[in-house]
Amino acid sequence: MKWEENVRKVVPYTPGEQPNRSGVIKLNTNESPYPPAPGVAAAIERLVPDRLRLYPAFPEQTALAAELAGYYHVGTDQIFIGVGSDDVLSMAFMTFFNGDRPILFPDITYSFYDVWAEVYGIPYETKALDAEFRIRTQDYVTPNGGIVFPNPNAPTGVLMGLAQVEEIVAANRDVVVIVDEAYIDFGGISAIPLLDKYDNLLVVQTFSKSRSMAGMRIGYALGSPQLIKYLNDVKYSVNSYTLNYPTLELGVEAVRDKAYFEACCGRIMQTRTRAEEELAKRGFTFPKSYGNFIFASHKSMPAKEIFERLKENDIYVRWWNKERIDNYLRITIGTDEQMETLYAALDQICGG
């Protein structure tokens, strides 16, 4: 068909499976196993239906922006809010990665990065992680058009220390460096304190993991006022009204209840420690994880076989048919009860 000559063709991002039936233990998309803060449910009751006929306020002018700015001790002009961190990152790619030089990111990383680069026609190079799945900072001290990496990394869960993050940012003052911190709340140290020193740093976080609100789609970025202005200029050239009124209202309560947030993160980290012990007993090895998941490989059974056998037991984990990681499973940390069911299934599958 002649018209196909003008179609942009890309290989899309493949998300984790979303089984549409009850009784499934879903440990494949890194959602929180716990509900949002109690204040979120209370805020639902306060929503005003008549407001739905009106366009929502611009996100940076809302109580959510003010709440985030207060929480992180930055100005509201340093906050950008989008429809999940994927939207924020996509806008950042579109805004900041427009040079002729390739952008850089790890070879094992969040698999949306190369998709966005292809969609927006951005040249890119991947830098190989070392044998322990760690970023080699020296690989990022080279001419480039920008840098993006998750910390902790996904899907490995490996954390880079703040000094190493700063080393990369400081060595690349002529481009924007994006640190994707979707999992930082599970034991890592954020790069947000570096914002006072580096106007080329953008830190991206999300409500989807540690704040138990994946279904509401709230992501945000913190950076210098100038970076945030450029992001908003692009956003409002594409779609001014991206977040809806209920989302903006409910997000406030998720930030406001710090005690509940910290308690949920603590429970997940505690369950993760137990999971490391239980998986090791059953012949799995894995790097130390600072995410709400474990990236594990079995000593004798192929990951694909375990993945398929677990699905037969209605337990979903994540497996990729990709070089270097095709013998690993990413296992989201669920409730203690869900994890016990997983261990029992692994005993049957792997001969524990």
# chains A, B, ... in the order shown; residues from 1 in each chain; ligands from 1
call {"tool": "select_by_dssp", "arguments": {"residues": "stretch 257-313 of chain A", "states": "strand (DSSP E)", "output": "ChimeraX atom specification"}}
result
/A:284-285,293-298
call {"tool": "residues_around", "arguments": {"residues": "A:Arg51", "least_positions_apart": "6", "cutoff": "12 Å", "atoms": "only C-alpha atoms", "output": "ChimeraX atom specification"}}
result
/A:57,244-246,249
call {"tool": "residues_around", "arguments": {"residues": "A:Leu104", "least_positions_apart": "3", "cutoff": "6 Å", "atoms": "only C-alpha atoms", "output": "compact mmCIF listing (two decimals) with C-alpha atoms, in the first residue's frame"}}
result
# COMPACT_ATOMS: atom_id res chain seq x y z
CA TYR A 124 21.43 6.76 20.59
CA GLU A 125 24.13 4.43 21.85
CA THR A 126 23.87 1.86 24.62
CA ILE A 147 22.15 10.82 29.12
call {"tool": "closest_residue", "arguments": {"among": "A:Ile168, A:Val252, A:Leu243, A:Ile44", "to": "A:Tyr71", "atoms": "only C-alpha atoms"}}
result
A:Val252
call {"tool": "residues_around", "arguments": {"residues": "A:Phe96", "least_positions_apart": "2", "cutoff": "12 Å", "atoms": "only C-alpha atoms", "output": "PyMOL selection string"}}
result
chain A and resi 88-94+98-100+103+117+120+122+145-148+174-178+200-202+226-234
call {"tool": "select_by_dssp", "arguments": {"residues": "stretch 94-312 of chain A", "states": "helix (DSSP H, G or I)", "output": "ChimeraX atom specification"}}
result
/A:94-96,113-119,137-140,162-170,184-186,192-196,214-216,225-238,245-256,258-281,303-312
call {"tool": "atom_distance", "arguments": {"atom1": "atom CA of A:Tyr241", "atom2": "atom CA of A:Arg53"}}
result
13.1 Å
call {"tool": "closest_atom_pairs", "arguments": {"of": "stretch 95-183 of chain A", "to": "stretch 311-327 of chain A", "cutoff": "10 Å", "atoms": "only C-alpha atoms", "output": "Markdown table"}}
result
| residue | atom | partner | partner_atom | distance |
| --- | --- | --- | --- | --- |
| A:Asp107 | CA | A:Arg324 | CA | 9.5 |
| A:Ile108 | CA | A:Ile325 | CA | 8.0 |
| A:Ala131 | CA | A:Arg324 | CA | 9.9 |
| A:Phe133 | CA | A:Arg324 | CA | 9.9 |
| A:Pro155 | CA | A:Ile325 | CA | 9.3 |
| A:Thr156 | CA | A:Ile325 | CA | 9.3 |
call {"tool": "residues_around", "arguments": {"residues": "A:Ala254", "least_positions_apart": "5", "cutoff": "8 Å", "atoms": "only C-alpha atoms", "output": "PyMOL selection string"}}
result
chain A and resi 36-37+39-40+211+261
call {"tool": "write_last_selection", "arguments": {"atoms": "N, CA and C atoms", "output": "compact mmCIF listing (two decimals), in the first residue's frame"}}
result
# COMPACT_ATOMS: atom_id res chain seq x y z
N PRO A 36 -3.50 2.71 48.36
CA PRO A 36 -3.00 4.07 48.61
C PRO A 36 -3.28 4.53 50.03
N ALA A 37 -2.73 5.67 50.39
CA ALA A 37 -2.94 6.23 51.73
C ALA A 37 -4.42 6.39 52.02
N GLY A 39 -6.09 8.71 53.20
CA GLY A 39 -6.61 10.00 52.79
C GLY A 39 -7.06 10.06 51.35
N VAL A 40 -6.53 9.17 50.52
CA VAL A 40 -6.94 9.12 49.12
C VAL A 40 -8.40 8.69 49.01
N ARG A 211 4.02 4.89 46.07
CA ARG A 211 2.81 5.59 46.55
C ARG A 211 1.52 4.86 46.17
N PHE A 261 3.17 6.34 53.79
CA PHE A 261 4.12 6.11 52.70
C PHE A 261 5.36 5.37 53.21
call {"tool": "residues_around", "arguments": {"residues": "A:Ser32", "least_positions_apart": "6", "cutoff": "10 Å", "atoms": "only C-alpha atoms", "output": "PyMOL selection string"}}
result
chain A and resi 208-214+264-265+268+292+332-335
call {"tool": "residues_around", "arguments": {"residues": "A:Thr137", "least_positions_apart": "6", "cutoff": "12 Å", "atoms": "only C-alpha atoms", "output": "ChimeraX atom specification"}}
result
/A:104-106,127-130,147,149,160-172
call {"tool": "closest_residue", "arguments": {"among": "A:Leu346, A:Val255, A:Leu310, A:Ile79", "to": "A:Glu67", "atoms": "only C-alpha atoms"}}
result
A:Val255
call {"tool": "atom_distance", "arguments": {"atom1": "atom CA of A:Glu17", "atom2": "atom CA of A:Thr271"}}
result
23.2 Å
call {"tool": "atom_distance", "arguments": {"atom1": "atom CA of A:Gly16", "atom2": "atom CA of A:Ala275"}}
result
21.0 Å
